[in-house]
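J.: One structure, as structure tokens, below. Some questions next.
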Amino acid sequence: MNKLEKFRELGLSDKTLKALSKKGFEEPSPIQALTIPVLLKGEKDVIGQAQTGTGKTAAFALPILEKIEKSTGKIRAIILAPTRELAIQVAEETNSFASGRNIKVVPVYGGQSIELQIRQVKKGVDVVVGTPGRVLDLIDRRLLKLDEIDYFILDEADEMLNMGFIEDIEKILSYTKEDKRMLFFSATMPREILKIAETHMRPGYEVLKVEAKELTTNLTDQIYFEVKQKDKFEALCRIIDLEPDFYGIVFCRTKNDVNELAGKLNDRGYDAGELHGDITQNYRETTLKRFKDKKLTILVATDVAARGIDVNDLTHVVNYSVPQEAESYVHRIGRTGRAGKEGTAITFITPSEYKKLLQIKRITKTDIRKEKIPGIKDVIISRKFRIKESINNEISEGNISNFLDMSRELLKEGSPEEIIAALLKINYEDVLDSSNYNEIEEANVDRTGKTRLFIALGRVDKVTPKKIVDLIARESKIDRDKIKNVEVYENFSFMNVPFAEAEYILDIFKKQKKGRKPLVEKAKVKSNDDEKEEETPKRRGRRSKESSNDKKEPKTRKKESSKEAVLDKPKRGRKKKTEGSTSK
């Protein structure tokens, strides 16, 4: 437990330390070090502010599990998350921390059968992790009783605000008792969130803030390859073969991806190990030691499993799967370029992921340049060079005396050229034969493609296509000629712009929203192009806000007070709530 001594100093029990050890934790992140002692004391409500990907789940889950300790048959804590993906992620991680405790954690969210979730809740639950709409749905059905909860947690509170969940949060709070502990965790802390805190938190609540670090990647050469999903493995092998001293981490999205890729690499003859959340602590420590000793030169890992790895001389980080967020991208590639040594970060981009790459480039403010996947000829030339280099190194080191007698005997059987050729064939025929390499098809990424945008202004606001173009060009400073196919309907409009400009426009209007839904969003295009209203971002009804079995038609937005208010100082329509698929 020596590696976990800093966690012990925060006040966590041996049972919790054992769970942390099993997951491969070594020392607390800054937000964990700040919040865990305060929450264990149980005296104050807390607002925790730290960047995404800094371990906020453990910061609130660990002390809550310590306090709950054992099941009582009643809901003791509720954790609200803005998306179904985050709810699942938080529930899974909280469950893993509860190892060895008789505590049941259940996620509830839209997009999955509500009947299945009802059965889970009826069996008894201690901690509910849910999206606001589904939580309210279950409250309405009298299945979630929150009148005796001890903890009310908002995860990614700023995203809750961005997605228009403030009213739902207030409603859920009305079903809880007054003397509960309230914990808000967020990457930023908008005024609206602080207003809720002042209204509902007990006086003297504490704000614990970890200063955001600049997203910087100065010592890392960043490149990307365009490749079809089916050709990723072949592309990775070529990159490894081309580098004389490849020593790096390959990041995948899921544990199944990690297992599959590590297995394929080992089958191909590479020295690869794997790390993900399901491996034992003993296996993790053994794998990391072999990797640090360079007995393994490739480590295939998920983001969570790679936390805490301290290796300073990696040559490469490969994003086999594109990270979901810019912060994750920076955390991954930051493992190269340490100790003043420049590293290389490689990202595989499939045709459907080009827009995600543009988003990462924009947020990190860095250049990620495109390169061509090494050709078969290049790989073979590189291998030949290394074979020659290896032979010359053996000669210069002089450790070949045991083979000289056999060498002289062989020279009596044929010419030196024939004997060397035969040895090369025996040892390297497979790797030097171009027919043994798989071809890689061109990915054909569409850089000139268009993004369809939804604008929450329509004829009721007295707008025309020209006024829409004027507004977007004025606010975003993009070339007016980039805005195409503007269509104005009664309550909303659409337009098409290139991928890169679309990301910039969305960023500009997201910053202007001031707690409400942005004026401009990506359109949710349906298969029936004739029904244009189907393309509006979902606006959930009151009861089954997230249920895929009870979808409601989009509601129209309220008319603004005047034409000038819309065009000179754009106002937003009514808050539109959606629990989308963006993972945090």
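Letters for chains follow the order of the structure tokens (A, B, ...), residue numbers begin at 1 for each chain, and ligand numbers begin at 1 in the order shown.
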Fewer than 5 positions away in the same chain doesn't count, so skip those; otherwise give me all residues within 8 Å of range 116-128 of chain A, counting only C-alpha atoms, as a ChimeraX atom specification.

T.: /A:71-79,103-108,138,143-144

J.: Taking only C-alpha atoms into account, which of A:Lys510, A:Lys228, A:Arg362, A:Lys467 comes nearest Glu487 in chain A?

T.: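 Looking at the shortest contact to Glu487 in chain A, the residue is A:Lys467.
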
J.: To one decimal in Å, tell me the separation between CA of Val463 in chain A and CA of Lys484 in chain A.

T.: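 According to the coordinates, CA of Val463 in chain A and CA of Lys484 in chain A are separated by 16.0 Å.
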
J.: Could you make a table, as CSV, of the residues of range 128-154 of chain A that have an atom within 6 Å of an atom of range 163-184 of chain A, each with its nearest atom pair and distance in Å to one decimal, counting only C-alpha atoms, in chain and number order?

T.:
residue,atom,partner,partner_atom,distance
A:Leu146,CA,A:Thr176,CA,5.2
A:Asp147,CA,A:Thr176,CA,4.5
A:Asp150,CA,A:Lys180,CA,4.6
A:Tyr151,CA,A:Arg181,CA,4.8
A:Phe152,CA,A:Met182,CA,4.9
A:Ile153,CA,A:Leu183,CA,4.7
A:Leu154,CA,A:Phe184,CA,4.8

J.: Would you put the residues from that selection into a file with N, CA and C atoms, as an mmCIF file, in the first residue's frame?

T.:
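Contents of the output file again-v7.cif:
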data_model
loop_
_atom_site.group_PDB
_atom_site.id
_atom_site.type_symbol
_atom_site.label_atom_id
_atom_site.label_comp_id
_atom_site.auth_asym_id
_atom_site.auth_seq_id
_atom_site.Cartn_x
_atom_site.Cartn_y
_atom_site.Cartn_z
ATOM 1 N N LEU A 146 -36.577 10.334 -2.976
ATOM 2 C CA LEU A 146 -35.352 11.042 -2.613
ATOM 3 C C LEU A 146 -35.474 11.806 -1.301
ATOM 4 N N ASP A 147 -36.542 11.547 -0.551
ATOM 5 C CA ASP A 147 -36.768 12.333 0.661
ATOM 6 C C ASP A 147 -35.812 11.997 1.796
ATOM 7 N N ASP A 150 -28.853 11.538 1.567
ATOM 8 C CA ASP A 150 -27.858 12.308 2.325
ATOM 9 C C ASP A 150 -26.967 13.142 1.413
ATOM 10 N N TYR A 151 -26.900 12.745 0.118
ATOM 11 C CA TYR A 151 -25.989 13.437 -0.799
ATOM 12 C C TYR A 151 -26.676 13.722 -2.129
ATOM 13 N N PHE A 152 -26.514 14.962 -2.588
ATOM 14 C CA PHE A 152 -27.032 15.384 -3.894
ATOM 15 C C PHE A 152 -25.844 15.928 -4.678
ATOM 16 N N ILE A 153 -25.483 15.248 -5.765
ATOM 17 C CA ILE A 153 -24.271 15.597 -6.512
ATOM 18 C C ILE A 153 -24.617 15.976 -7.944
ATOM 19 N N LEU A 154 -24.094 17.097 -8.395
ATOM 20 C CA LEU A 154 -24.162 17.474 -9.811
ATOM 21 C C LEU A 154 -22.782 17.258 -10.415
#

J.: Give the answer as one residue: which of A:Ile279, A:Ala157, A:Ile196, A:Leu4 has the shortest atom-to-atom distance to Ala50 in chain A, using only C-alpha atoms?

T.: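 Smallest separation from Ala50 in chain A among the options: A:Ala157.
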
J.: Go through range 357-535 of chain A and collect every residue that DSSP, computed from the backbone, puts in strand (DSSP E); the answer should be as a ChimeraX atom specification.

T.: /A:369-370,450-455,484-488,493-498,520-522

J.: Could you tell me, as a ChimeraX atom specification, which residues of range 267-355 of chain A DSSP assigns to helix (DSSP H, G or I) when given the backbone?

T.: /A:267,281-292,326-333,351-355

J.: Those selected residues, please, written with C-alpha atoms and delivered as a short mmCIF file (atom, residue, chain, number, x, y, z; two decimals), in the first residue's frame.

T.:
data_model
loop_
_atom_site.label_atom_id
_atom_site.label_comp_id
_atom_site.auth_asym_id
_atom_site.auth_seq_id
_atom_site.Cartn_x
_atom_site.Cartn_y
_atom_site.Cartn_z
CA ASP A 267 0.39 -12.59 -33.00
CA GLN A 281 -3.27 -5.16 -9.85
CA ASN A 282 -0.57 -7.83 -9.96
CA TYR A 283 -0.84 -8.08 -13.76
CA ARG A 284 -0.81 -4.29 -14.04
CA GLU A 285 2.37 -3.96 -11.97
CA THR A 286 4.10 -6.77 -13.87
CA THR A 287 3.13 -5.25 -17.24
CA LEU A 288 4.28 -1.76 -16.24
CA LYS A 289 7.61 -3.08 -14.96
CA ARG A 290 8.24 -4.96 -18.22
CA PHE A 291 7.29 -1.82 -20.16
CA LYS A 292 9.58 0.44 -18.12
CA ALA A 326 -9.57 17.87 -26.51
CA GLU A 327 -8.45 17.53 -22.86
CA SER A 328 -8.09 13.78 -23.30
CA TYR A 329 -6.06 14.35 -26.45
CA VAL A 330 -3.66 16.64 -24.59
CA HIS A 331 -3.38 14.23 -21.63
CA ARG A 332 -2.55 11.37 -23.99
CA ILE A 333 0.06 13.06 -26.13
CA PRO A 351 -13.55 9.55 -42.87
CA SER A 352 -16.33 10.16 -40.34
CA GLU A 353 -13.96 11.64 -37.73
CA TYR A 354 -12.52 14.58 -39.64
CA LYS A 355 -14.80 17.07 -37.90
#

J.: Find, counting only C-alpha atoms, the residue in A:Ser113, A:Asn496, A:Ser435, A:Ser321 that gets nearest to Asp481 in chain A.

T.: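 Comparing A:Ser113, A:Asn496, A:Ser435, A:Ser321 against Asp481 in chain A, the winner is A:Asn496.
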